[in-house]
file query.csv (CSV, C-alpha atoms and all ligand atoms)
chain,number,residue,atom,x,y,z
Q,707,MET,CA,8.0,30.9,-1.7
Q,708,ALA,CA,11.1,29.0,-2.7
Q,709,VAL,CA,12.0,29.8,-6.3
Q,710,TYR,CA,14.5,32.6,-6.2
Q,711,THR,CA,15.8,32.2,-9.7
Q,712,HIS,CA,13.9,32.2,-13.0
Q,713,LEU,CA,14.9,29.3,-15.3
Q,714,GLY,CA,13.5,29.6,-18.8
Q,715,ALA,CA,12.3,26.7,-20.8
Q,716,GLU,CA,15.5,26.6,-22.9
Q,717,ASP,CA,17.7,26.6,-19.8
Q,718,LEU,CA,15.8,23.7,-18.3
Q,719,ALA,CA,15.8,21.7,-21.6
Q,720,ARG,CA,19.5,22.3,-22.0
Q,721,LEU,CA,20.1,21.2,-18.4
Q,722,ILE,CA,18.0,18.0,-18.6
Q,723,ALA,CA,19.7,17.1,-21.9
Q,724,GLU,CA,22.9,16.7,-19.9
Q,725,TYR,CA,21.3,13.7,-18.0
Q,726,ASP,CA,20.2,10.4,-19.3
Q,727,VAL,CA,16.6,10.9,-17.9
Q,728,GLY,CA,14.4,11.1,-21.0
Q,729,GLU,CA,13.0,14.4,-22.3
Q,730,LEU,CA,11.6,17.3,-20.4
Q,731,VAL,CA,7.8,17.3,-20.2
Q,732,SER,CA,7.1,19.9,-17.5
Q,733,ALA,CA,8.8,21.9,-14.7
Q,734,LYS,CA,7.0,23.5,-11.8
Q,735,GLY,CA,8.4,25.6,-9.1
Q,736,ILE,CA,7.8,24.3,-5.6
Q,737,ALA,CA,6.5,26.7,-3.0
Q,738,GLU,CA,7.8,24.9,0.1
Q,739,GLY,CA,11.3,25.4,1.5
Q,740,VAL,CA,13.1,28.6,2.2
Q,741,SER,CA,16.8,28.0,1.5
Q,742,ASN,CA,17.0,26.8,-2.1
Q,743,SER,CA,15.0,27.0,-5.3
Q,744,ASN,CA,13.3,23.7,-6.1
Q,745,TRP,CA,11.4,22.5,-9.2
Q,746,LEU,CA,9.4,19.4,-9.8
Q,747,ILE,CA,10.6,18.1,-13.1
Q,748,GLU,CA,8.8,15.6,-15.2
Q,749,THR,CA,10.4,13.8,-18.1
Q,750,THR,CA,9.3,11.2,-20.5
Q,751,ARG,CA,10.8,8.7,-18.0
Q,752,ALA,CA,10.1,9.8,-14.4
Q,753,ARG,CA,9.8,12.7,-12.0
Q,754,TYR,CA,12.7,14.5,-10.4
Q,755,ILE,CA,13.5,17.3,-8.0
Q,756,LEU,CA,15.8,20.0,-9.3
Q,757,THR,CA,17.5,22.0,-6.6
Q,758,MET,CA,19.4,25.2,-7.1
Q,759,TYR,CA,21.6,26.0,-4.1
Q,760,GLU,CA,20.9,29.7,-3.4
Q,761,ARG,CA,22.4,30.6,-0.1
Q,762,ARG,CA,23.6,29.1,3.2
Q,763,ILE,CA,25.1,26.0,1.5
Q,764,ASP,CA,28.8,26.1,0.8
Q,765,PRO,CA,29.4,24.4,-2.6
Q,766,ALA,CA,32.5,22.8,-1.1
Q,767,ASP,CA,30.0,20.7,1.0
Q,768,LEU,CA,28.1,19.4,-2.0
Q,769,PRO,CA,30.3,16.2,-2.4
Q,770,PHE,CA,29.5,15.4,1.2
Q,771,PHE,CA,25.8,16.1,1.1
Q,772,LEU,CA,25.1,14.5,-2.3
Q,773,GLY,CA,27.6,11.6,-1.7
Q,774,LEU,CA,25.7,10.9,1.5
Q,775,LEU,CA,22.4,10.6,-0.3
Q,776,ASP,CA,23.9,8.1,-2.7
Q,777,HIS,CA,25.5,6.1,0.1
Q,778,LEU,CA,22.3,5.9,2.1
Q,779,SER,CA,20.1,5.1,-0.8
Q,780,ASP,CA,22.5,2.3,-1.8
Q,781,ALA,CA,22.0,0.9,1.7
Q,782,ASN,CA,18.2,0.9,1.1
Q,783,CYS,CA,17.5,3.8,3.4
Q,784,PRO,CA,14.4,5.9,2.4
Q,785,VAL,CA,16.6,8.7,1.0
Q,786,PRO,CA,16.5,10.1,-2.6
Q,787,ARG,CA,19.5,9.3,-4.7
Q,788,THR,CA,21.4,11.9,-6.7
Q,789,ILE,CA,21.0,11.6,-10.5
Q,790,HIS,CA,24.5,12.0,-12.1
Q,791,ASP,CA,24.9,13.6,-15.4
Q,792,ARG,CA,26.3,11.9,-18.5
Q,793,SER,CA,29.9,12.7,-17.4
Q,794,GLY,CA,29.2,11.2,-13.9
Q,795,ALA,CA,29.0,14.6,-12.1
Q,796,ALA,CA,26.5,14.8,-9.2
Q,797,TRP,CA,26.0,18.5,-9.7
Q,798,ARG,CA,26.4,21.1,-12.4
Q,799,LYS,CA,26.5,24.9,-12.6
Q,800,ILE,CA,24.0,27.2,-14.2
Q,801,ASP,CA,25.7,30.6,-14.5
Q,802,ASP,CA,27.4,30.8,-11.0
Q,803,LYS,CA,24.9,28.6,-9.1
Q,804,ALA,CA,25.2,24.9,-8.4
Q,805,VAL,CA,22.2,22.7,-9.3
Q,806,ALA,CA,21.5,19.0,-8.6
Q,807,LEU,CA,18.9,16.6,-10.0
Q,808,ILE,CA,17.5,14.4,-7.3
Q,809,GLU,CA,15.2,11.4,-7.3
Q,810,PHE,CA,11.6,12.3,-6.6
Q,811,LEU,CA,10.1,10.3,-3.7
Q,812,PRO,CA,6.3,10.0,-3.1
Q,813,GLY,CA,4.7,10.9,0.2
Q,814,VAL,CA,3.6,13.9,2.3
Q,815,SER,CA,4.9,15.4,5.5
Q,816,PRO,CA,2.6,14.6,8.4
Q,817,THR,CA,1.0,17.6,10.2
Q,818,THR,CA,-0.4,15.7,13.2
Q,819,PRO,CA,1.7,12.6,13.4
Q,820,ASN,CA,0.5,9.5,15.3
Q,821,PRO,CA,2.5,7.0,17.3
Q,822,ALA,CA,2.7,4.5,14.5
Q,823,GLN,CA,4.3,7.2,12.3
Q,824,LEU,CA,6.7,8.2,15.1
Q,825,ARG,CA,7.8,4.5,15.4
Q,826,ALA,CA,8.5,4.4,11.7
Q,827,VAL,CA,10.5,7.6,11.9
Q,828,GLY,CA,12.5,6.1,14.7
Q,829,VAL,CA,13.3,3.0,12.7
Q,830,ALA,CA,14.3,5.1,9.6
Q,831,LEU,CA,16.6,7.3,11.7
Q,832,ALA,CA,18.3,4.3,13.3
Q,833,GLN,CA,18.7,2.7,9.8
Q,834,THR,CA,20.4,5.8,8.4
Q,835,HIS,CA,22.7,6.1,11.5
Q,836,LEU,CA,23.8,2.5,11.1
Q,837,ALA,CA,24.3,2.8,7.3
Q,838,ALA,CA,26.1,6.2,7.6
Q,839,GLN,CA,28.8,4.6,9.8
Q,840,GLY,CA,30.2,3.2,6.5
Q,841,PHE,CA,30.3,6.7,4.8
Q,842,PRO,CA,33.9,7.7,4.2
Q,843,MET,CA,33.5,11.5,4.5
Q,844,THR,CA,33.1,13.7,7.6
Q,845,ARG,CA,31.8,17.2,8.2
Q,846,ALA,CA,32.1,19.1,11.4
Q,847,ASN,CA,28.9,20.3,13.1
Q,848,ASP,CA,29.0,24.1,12.9
Q,849,LEU,CA,25.8,24.4,15.0
Q,850,GLY,CA,26.8,22.7,18.2
Q,851,PRO,CA,26.0,24.3,21.6
Q,852,PRO,CA,29.1,26.6,21.7
Q,853,GLN,CA,28.4,28.0,18.2
Q,854,THR,CA,24.7,28.4,18.7
Q,855,LEU,CA,25.2,30.1,22.1
Q,856,ALA,CA,27.7,32.4,20.3
Q,857,MET,CA,25.0,33.2,17.7
Q,858,LEU,CA,22.6,34.2,20.5
Q,859,VAL,CA,25.2,36.3,22.3
Q,860,GLN,CA,25.8,38.1,19.0
Q,861,CYS,CA,22.1,38.8,18.6
Q,862,GLY,CA,22.3,40.6,21.9
Q,863,ARG,CA,20.1,40.6,25.0
Q,864,ASP,CA,18.1,43.7,23.8
Q,865,ALA,CA,17.3,42.3,20.4
Q,866,LEU,CA,16.3,39.0,21.9
Q,867,ALA,CA,14.0,40.8,24.3
Q,868,LEU,CA,12.3,42.5,21.3
Q,869,ILE,CA,11.3,39.1,20.0
Q,870,ASP,CA,9.9,38.1,23.4
Q,871,PRO,CA,10.7,39.5,26.8
Q,872,GLU,CA,11.4,35.9,28.1
Q,873,LEU,CA,13.9,35.0,25.4
Q,874,PRO,CA,17.1,36.6,26.9
Q,875,ALA,CA,16.9,33.9,29.7
Q,876,VAL,CA,18.2,31.5,27.0
Q,877,LEU,CA,21.7,33.1,27.4
Q,878,ALA,CA,22.2,31.8,31.0
Q,879,LEU,CA,20.6,28.5,30.1
Q,880,GLY,CA,22.9,28.2,27.2
Q,881,ASP,CA,26.0,28.6,29.5
Q,882,GLY,CA,24.8,25.6,31.5
Q,883,ILE,CA,24.1,23.5,28.4
Q,884,VAL,CA,27.6,24.2,27.0
Q,885,ALA,CA,29.2,23.5,30.4
Q,886,SER,CA,27.5,20.1,30.8
Q,887,TRP,CA,27.5,19.0,27.1
Q,888,PRO,CA,28.1,15.2,27.0
Q,889,SER,CA,31.1,13.9,25.0
Q,890,ASP,CA,32.3,10.5,23.8
Q,891,LEU,CA,28.9,9.3,22.7
Q,892,PRO,CA,28.6,6.8,19.8
Q,893,ALA,CA,28.8,8.8,16.6
Q,894,SER,CA,27.9,8.6,12.9
Q,895,ILE,CA,26.7,11.0,10.3
Q,896,ILE,CA,23.6,12.6,11.6
Q,897,HIS,CA,20.7,14.5,9.8
Q,898,SER,CA,20.4,17.0,12.7
Q,899,ASP,CA,17.3,18.7,11.3
Q,900,LEU,CA,14.7,15.8,11.0
Q,901,PHE,CA,11.6,17.9,11.4
Q,902,PRO,CA,8.2,16.6,10.0
Q,903,ASP,CA,8.7,18.8,6.9
Q,904,ASN,CA,11.8,16.9,6.1
Q,905,VAL,CA,10.1,13.5,6.2
Q,906,LEU,CA,7.7,12.2,3.5
Q,907,MET,CA,5.3,9.5,4.5
Q,908,LEU,CA,2.5,7.4,3.0
Q,909,GLY,CA,0.3,6.3,5.8
Q,910,ASP,CA,2.6,4.9,8.5
Q,911,ARG,CA,5.5,4.3,6.1
Q,912,VAL,CA,8.5,6.6,5.7
Q,913,THR,CA,9.0,7.0,2.0
Q,914,GLY,CA,11.6,9.8,2.1
Q,915,MET,CA,13.9,11.6,4.4
Q,916,ILE,CA,15.0,14.8,2.7
Q,917,ASP,CA,17.0,18.0,3.2
Q,918,PHE,CA,20.3,16.6,4.5
Q,919,TYR,CA,21.9,20.0,4.2
Q,920,PHE,CA,22.7,20.2,7.9
Q,921,ALA,CA,24.0,16.6,8.0
Q,922,CYS,CA,27.3,16.4,9.9
Q,923,SER,CA,29.4,14.1,12.1
Q,924,GLY,CA,27.9,13.8,15.5
Q,925,ALA,CA,26.4,11.8,18.3
Q,926,MET,CA,23.6,9.6,17.2
Q,927,ALA,CA,21.6,10.2,20.4
Q,928,TYR,CA,21.8,13.9,19.7
Q,929,ASP,CA,19.9,13.3,16.4
Q,930,LEU,CA,17.3,11.3,18.2
Q,931,ALA,CA,16.9,14.2,20.7
Q,932,VAL,CA,16.5,16.7,17.8
Q,933,THR,CA,13.8,14.4,16.3
Q,934,HIS,CA,12.1,14.1,19.7
Q,935,ALA,CA,12.1,17.9,20.2
Q,936,ALA,CA,10.8,18.5,16.6
Q,937,TRP,CA,8.0,15.9,16.6
Q,938,CYS,CA,6.6,15.4,20.1
Q,939,PHE,CA,5.1,18.8,20.9
Q,940,ASP,CA,2.2,20.8,19.6
Q,941,GLN,CA,3.0,23.7,17.3
Q,942,SER,CA,3.5,26.2,20.2
Q,943,GLY,CA,5.9,23.8,22.1
Q,944,ARG,CA,3.5,23.9,25.1
Q,945,ARG,CA,2.0,20.5,25.0
Q,946,ASN,CA,4.1,17.4,25.0
Q,947,TYR,CA,2.8,14.2,23.6
Q,948,ALA,CA,4.5,11.5,25.7
Q,949,GLU,CA,3.2,8.6,23.6
Q,950,LEU,CA,4.8,10.0,20.5
Q,951,GLY,CA,8.2,10.2,22.2
Q,952,LYS,CA,7.8,6.7,23.5
Q,953,ALA,CA,7.0,5.4,20.0
Q,954,LEU,CA,9.9,7.3,18.4
Q,955,ILE,CA,12.4,5.8,20.9
Q,956,GLU,CA,10.9,2.3,20.7
Q,957,GLY,CA,11.2,2.4,16.9
Q,958,TYR,CA,14.7,3.6,17.1
Q,959,GLU,CA,15.8,1.0,19.6
Q,960,SER,CA,14.2,-1.8,17.5
Q,961,LEU,CA,17.2,-1.4,15.2
Q,962,ARG,CA,19.8,0.3,17.4
Q,963,PRO,CA,19.4,0.0,21.2
Q,964,LEU,CA,20.7,3.0,23.2
Q,965,SER,CA,23.6,2.5,25.6
Q,966,GLU,CA,23.2,3.6,29.2
Q,967,SER,CA,25.3,6.7,28.6
Q,968,GLU,CA,23.2,7.7,25.6
Q,969,ARG,CA,20.0,7.3,27.6
Q,970,THR,CA,21.4,9.3,30.5
Q,971,ALA,CA,22.5,12.0,28.1
Q,972,LEU,CA,19.1,12.5,26.4
Q,973,PRO,CA,17.8,15.4,28.6
Q,974,SER,CA,21.0,17.4,28.0
Q,975,LEU,CA,21.1,16.6,24.3
Q,976,ALA,CA,17.5,17.7,23.9
Q,977,GLN,CA,18.3,21.0,25.6
Q,978,GLY,CA,21.2,21.4,23.2
Q,979,ALA,CA,18.8,20.7,20.3
Q,980,CYS,CA,16.4,23.4,21.6
Q,981,LEU,CA,19.3,25.9,22.0
Q,982,ARG,CA,20.3,25.3,18.3
Q,983,PHE,CA,16.7,26.0,17.0
Q,984,ILE,CA,16.2,28.9,19.3
Q,985,ALA,CA,19.5,30.4,17.9
Q,986,SER,CA,18.8,29.9,14.2
Q,987,ARG,CA,15.2,31.1,14.6
Q,988,ALA,CA,16.2,34.1,16.6
Q,989,GLN,CA,18.9,35.0,14.0
Q,990,ASP,CA,16.5,34.5,11.1
Q,991,TRP,CA,13.8,36.5,12.9
Q,992,LEU,CA,16.1,39.5,13.4
Q,993,ASP,CA,17.4,39.2,9.8
Q,994,THR,CA,13.9,38.9,8.2
Q,995,PRO,CA,11.7,41.9,7.8
Q,996,ALA,CA,8.2,41.4,9.4
Q,997,ASP,CA,6.6,41.9,6.0
Q,998,ALA,CA,8.8,39.5,4.1
Q,999,LEU,CA,7.2,36.7,2.0
Q,1000,VAL,CA,9.0,34.0,4.1
Q,1001,ARG,CA,7.1,33.2,7.4
Q,1002,ARG,CA,9.4,33.7,10.4
Q,1003,LYS,CA,9.5,30.7,12.8
Q,1004,ASP,CA,9.1,31.6,16.5
Q,1005,PRO,CA,12.1,30.8,18.7
Q,1006,MET,CA,9.8,30.8,21.7
Q,1007,ASP,CA,8.3,27.4,20.6
Q,1008,PHE,CA,11.7,25.9,21.4
Q,1009,MET,CA,12.2,28.0,24.5
Q,1010,ARG,CA,9.1,26.2,25.9
Q,1011,ARG,CA,10.5,22.8,24.8
Q,1012,LEU,CA,13.8,23.7,26.5
Q,1013,GLU,CA,11.9,24.5,29.7
Q,1014,PHE,CA,10.0,21.2,29.4
Q,1015,TYR,CA,13.3,19.2,29.1
Q,1016,ARG,CA,14.8,21.1,32.0
Q,1017,ALA,CA,11.8,20.5,34.2
Q,1018,ASN,CA,11.3,16.8,33.4
Q,1019,GLY,CA,14.8,15.4,33.0
Q,1020,GLN,CA,14.9,11.7,32.3
Q,1021,SER,CA,11.1,11.3,32.6
Q,1022,ALA,CA,10.7,13.3,29.4
Q,1023,PHE,CA,11.8,10.2,27.6
Q,1024,THR,CA,9.9,7.5,29.4
S,1101,LIG,N1,13.4,14.1,-3.2
S,1101,LIG,C1,12.2,14.6,-3.0
S,1101,LIG,N2,11.1,14.0,-3.4
S,1101,LIG,C2,9.8,14.6,-3.3
S,1101,LIG,N3,9.7,15.9,-2.9
S,1101,LIG,C3,10.7,16.6,-2.5
S,1101,LIG,C4,12.1,16.0,-2.6
S,1101,LIG,N4,12.9,16.9,-2.1
S,1101,LIG,C5,12.2,18.0,-1.9
S,1101,LIG,N5,10.9,17.8,-2.1
S,1101,LIG,C6,9.8,18.8,-1.9
S,1101,LIG,O1,10.3,20.1,-2.0
S,1101,LIG,C7,10.0,20.8,-0.9
S,1101,LIG,C8,11.2,21.8,-0.6
S,1101,LIG,O2,12.3,21.0,-0.3
S,1101,LIG,P1,13.3,21.4,0.9
S,1101,LIG,O3,12.5,21.3,2.2
S,1101,LIG,O4,14.5,20.5,0.8
S,1101,LIG,O5,13.6,22.9,0.6
S,1101,LIG,P2,14.8,23.8,1.1
S,1101,LIG,O6,14.5,25.2,0.7
S,1101,LIG,O7,16.0,23.2,0.5
S,1101,LIG,O8,14.7,23.5,2.6
S,1101,LIG,P3,14.4,24.4,3.9
S,1101,LIG,O9,13.1,25.0,3.8
S,1101,LIG,O10,14.4,23.4,5.0
S,1101,LIG,O11,15.5,25.4,4.0
S,1101,LIG,C9,9.7,19.8,0.2
S,1101,LIG,O12,8.8,20.3,1.1
S,1101,LIG,C10,9.1,18.7,-0.6
S,1101,LIG,O13,7.7,18.9,-0.8
S,1102,LIG,N1,14.0,23.0,11.0
S,1102,LIG,C1,14.4,24.3,11.5
S,1102,LIG,C2,14.9,25.1,10.3
S,1102,LIG,C3,16.3,24.7,9.8
S,1102,LIG,O1,17.3,25.3,10.7
S,1102,LIG,C4,13.3,25.0,12.3
S,1102,LIG,O2,12.2,24.6,12.2
S,1102,LIG,O3,13.7,26.0,13.0
call {"tool": "encode", "arguments": {"input": "query.csv", "output": "structure tokens"}}
result
Amino acid sequence: MAVYTHLGAEDLARLIAEYDVGELVSAKGIAEGVSNSNWLIETTRARYILTMYERRIDPADLPFFLGLLDHLSDANCPVPRTIHDRSGAAWRKIDDKAVALIEFLPGVSPTTPNPAQLRAVGVALAQTHLAAQGFPMTRANDLGPPQTLAMLVQCGRDALALIDPELPAVLALGDGIVASWPSDLPASIIHSDLFPDNVLMLGDRVTGMIDFYFACSGAMAYDLAVTHAAWCFDQSGRRNYAELGKALIEGYESLRPLSESERTALPSLAQGACLRFIASRAQDWLDTPADALVRRKDPMDFMRRLEFYRANGQSAFT
């Protein structure tokens, strides 16, 4: 479920009247997503996504996130643009909550992606990296290896063991990842959470990259490693599909070839990506009651991917 706040018909009509988008025809709550409330809005002119920022997102970051969407869509990246209200504002407030109206993009998130789709995702990722180099704002990554290791330390060995007896081993692995974290790699603004559920596709075409709410300044090769870790395994993280990884990197390099240092760094970057998702999933697991409506994501899926990247080194990417 992801509609945390009730908005009545009058609230919605009043809000939509602040924009030059035609008249409200319908508004339906969207079930997917866990962080924000989302509605599919139809007006006499078009469809839109209305997002109400509920938790986790600092409103001070909205100029960065929403400005980035506009910058990338101006550069013809497959990213929804923000609809500005009649006064030019990219977001408004309803009571004390920020809301933004965002372009609706067609497409569905692939569940069993094929190599042609991975290639297209690689191209789209490289396109956004190149376009984002001209974006004038920056945002520090607050989920790099030192921070995510600290999150796991804070969870505690005993609590991690309650999730899975093999999970506490991540603490020692995390020390190694932090100690050997590559620096000075080519940077841009990165999505840093490009999972299949954040990509909309029609056939083999990427029609939308969404959910830029973890976007930050960072190494472009790290974003490629995140995408590799998120797309190239089965749901449990046990089986790796090498042909998907190959297609992703080929697509990426068709627009932006990797430097030697980026290629060498991929195994470490992928392990750092796994650490980040193990940490956020473990924290969410411990914070979410087992009977909550939101389904908990298993940190062990990324523990297995981390083990895969450790065991295979550079050959995980060839
Ligand atoms: N611009 C868009 N065009 C079309 N559909 C969209 C768009 N933005 C969001 N959606 C739909 O809304 C759903 C929820 O959006 P999103 O994943 O951003 O939710 P969230 O709660 O903000 O994120 P998360 O679950 O990752 O925390 C998506 O799965 C997608 O179906
Ligand atoms: N995409 C992440 C959630 C956002 O942190 C995951 O699947 O764990």
call {"tool": "closest_atom_pairs", "arguments": {"input": "query.csv", "of": "chain Q", "to": "ligand LIG 1101 (chain S)", "cutoff": "7 Å", "atoms": "only C-alpha atoms and all ligand atoms", "output": "Markdown table"}}
result
| residue | atom | partner | partner_atom | distance |
| --- | --- | --- | --- | --- |
| Q:Ala708 | CA | S:LIG1101 | O6 | 6.1 |
| Q:Ile736 | CA | S:LIG1101 | O1 | 6.1 |
| Q:Glu738 | CA | S:LIG1101 | C8 | 4.7 |
| Q:Gly739 | CA | S:LIG1101 | O9 | 2.9 |
| Q:Val740 | CA | S:LIG1101 | O9 | 3.9 |
| Q:Ser741 | CA | S:LIG1101 | O6 | 3.7 |
| Q:Asn742 | CA | S:LIG1101 | O6 | 4.1 |
| Q:Ser743 | CA | S:LIG1101 | O6 | 6.3 |
| Q:Asn744 | CA | S:LIG1101 | C8 | 6.2 |
| Q:Ile755 | CA | S:LIG1101 | C4 | 5.7 |
| Q:Pro786 | CA | S:LIG1101 | N1 | 5.1 |
| Q:Ile808 | CA | S:LIG1101 | N1 | 5.8 |
| Q:Glu809 | CA | S:LIG1101 | N1 | 5.2 |
| Q:Phe810 | CA | S:LIG1101 | N2 | 3.7 |
| Q:Leu811 | CA | S:LIG1101 | N2 | 3.8 |
| Q:Pro812 | CA | S:LIG1101 | C2 | 5.8 |
| Q:Asp903 | CA | S:LIG1101 | O12 | 6.0 |
| Q:Asn904 | CA | S:LIG1101 | O3 | 5.9 |
| Q:Gly914 | CA | S:LIG1101 | N2 | 6.9 |
| Q:Ile916 | CA | S:LIG1101 | N4 | 5.6 |
| Q:Asp917 | CA | S:LIG1101 | O4 | 4.3 |
call {"tool": "atom_distance", "arguments": {"input": "query.csv", "atom1": "CA of Arg720 (chain Q)", "atom2": "CA of Glu760 (chain Q)"}}
result
20.1 Å
call {"tool": "residues_around", "arguments": {"input": "query.csv", "residues": "Asp780 (chain Q)", "least_positions_apart": "5", "cutoff": "12 Å", "atoms": "all atoms listed in the file", "output": "PyMOL selection string"}}
result
chain Q and resi 773-775+785-788+834+837-838+840-841
call {"tool": "closest_atom_pairs", "arguments": {"input": "query.csv", "of": "chain Q", "to": "ligand LIG 1102 (chain S)", "cutoff": "7 Å", "atoms": "all atoms listed in the file", "output": "CSV"}}
result
residue,atom,partner,partner_atom,distance
Q:Asp899,CA,S:LIG1102,N1,5.4
Q:Phe901,CA,S:LIG1102,N1,5.7
Q:Phe983,CA,S:LIG1102,O3,5.0
Q:Ser986,CA,S:LIG1102,O1,6.0
Q:Arg987,CA,S:LIG1102,O3,5.6
Q:Lys1003,CA,S:LIG1102,O3,6.3
call {"tool": "closest_residue", "arguments": {"input": "query.csv", "among": "Q:Arg761, Q:Arg911, Q:Arg1002, Q:Arg1010", "to": "Leu873 (chain Q)", "atoms": "all atoms listed in the file"}}
result
Q:Arg1010
call {"tool": "atom_distance", "arguments": {"input": "query.csv", "atom1": "CA of Ala733 (chain Q)", "atom2": "CA of Ile789 (chain Q)"}}
result
16.5 Å
call {"tool": "residues_around", "arguments": {"input": "query.csv", "residues": "Tyr928 (chain Q)", "least_positions_apart": "2", "cutoff": "12 Å", "atoms": "all atoms listed in the file", "output": "PyMOL selection string"}}
result
chain Q and resi 831+835+847+850-851+887-900+922-926+930-935+964+967-980+982
call {"tool": "atom_distance", "arguments": {"input": "query.csv", "atom1": "CA of Pro1005 (chain Q)", "atom2": "CA of Ala988 (chain Q)"}}
result
5.7 Å
call {"tool": "closest_residue", "arguments": {"input": "query.csv", "among": "Q:Leu877, Q:Ala804, Q:Ala921, Q:Leu855", "to": "Leu756 (chain Q)", "atoms": "all atoms listed in the file"}}
result
Q:Ala804
call {"tool": "closest_residue", "arguments": {"input": "query.csv", "among": "Q:Arg753, Q:Pro842, Q:Asp993, Q:Pro852", "to": "Ser886 (chain Q)", "atoms": "all atoms listed in the file"}}
result
Q:Pro852
call {"tool": "closest_residue", "arguments": {"input": "query.csv", "among": "Q:Leu879, Q:Leu772, Q:Leu824, Q:Leu992", "to": "Leu954 (chain Q)", "atoms": "only C-alpha atoms"}}
result
Q:Leu824
call {"tool": "axis_aligned_box", "arguments": {"input": "query.csv", "around": "region 831-840 of chain Q", "padding_each_side": "6 Å", "output": "AutoDock Vina command-line options"}}
result
--center_x 23.4 --center_y 4.9 --center_z 9.9 --size_x 25.6 --size_y 16.8 --size_z 18.8
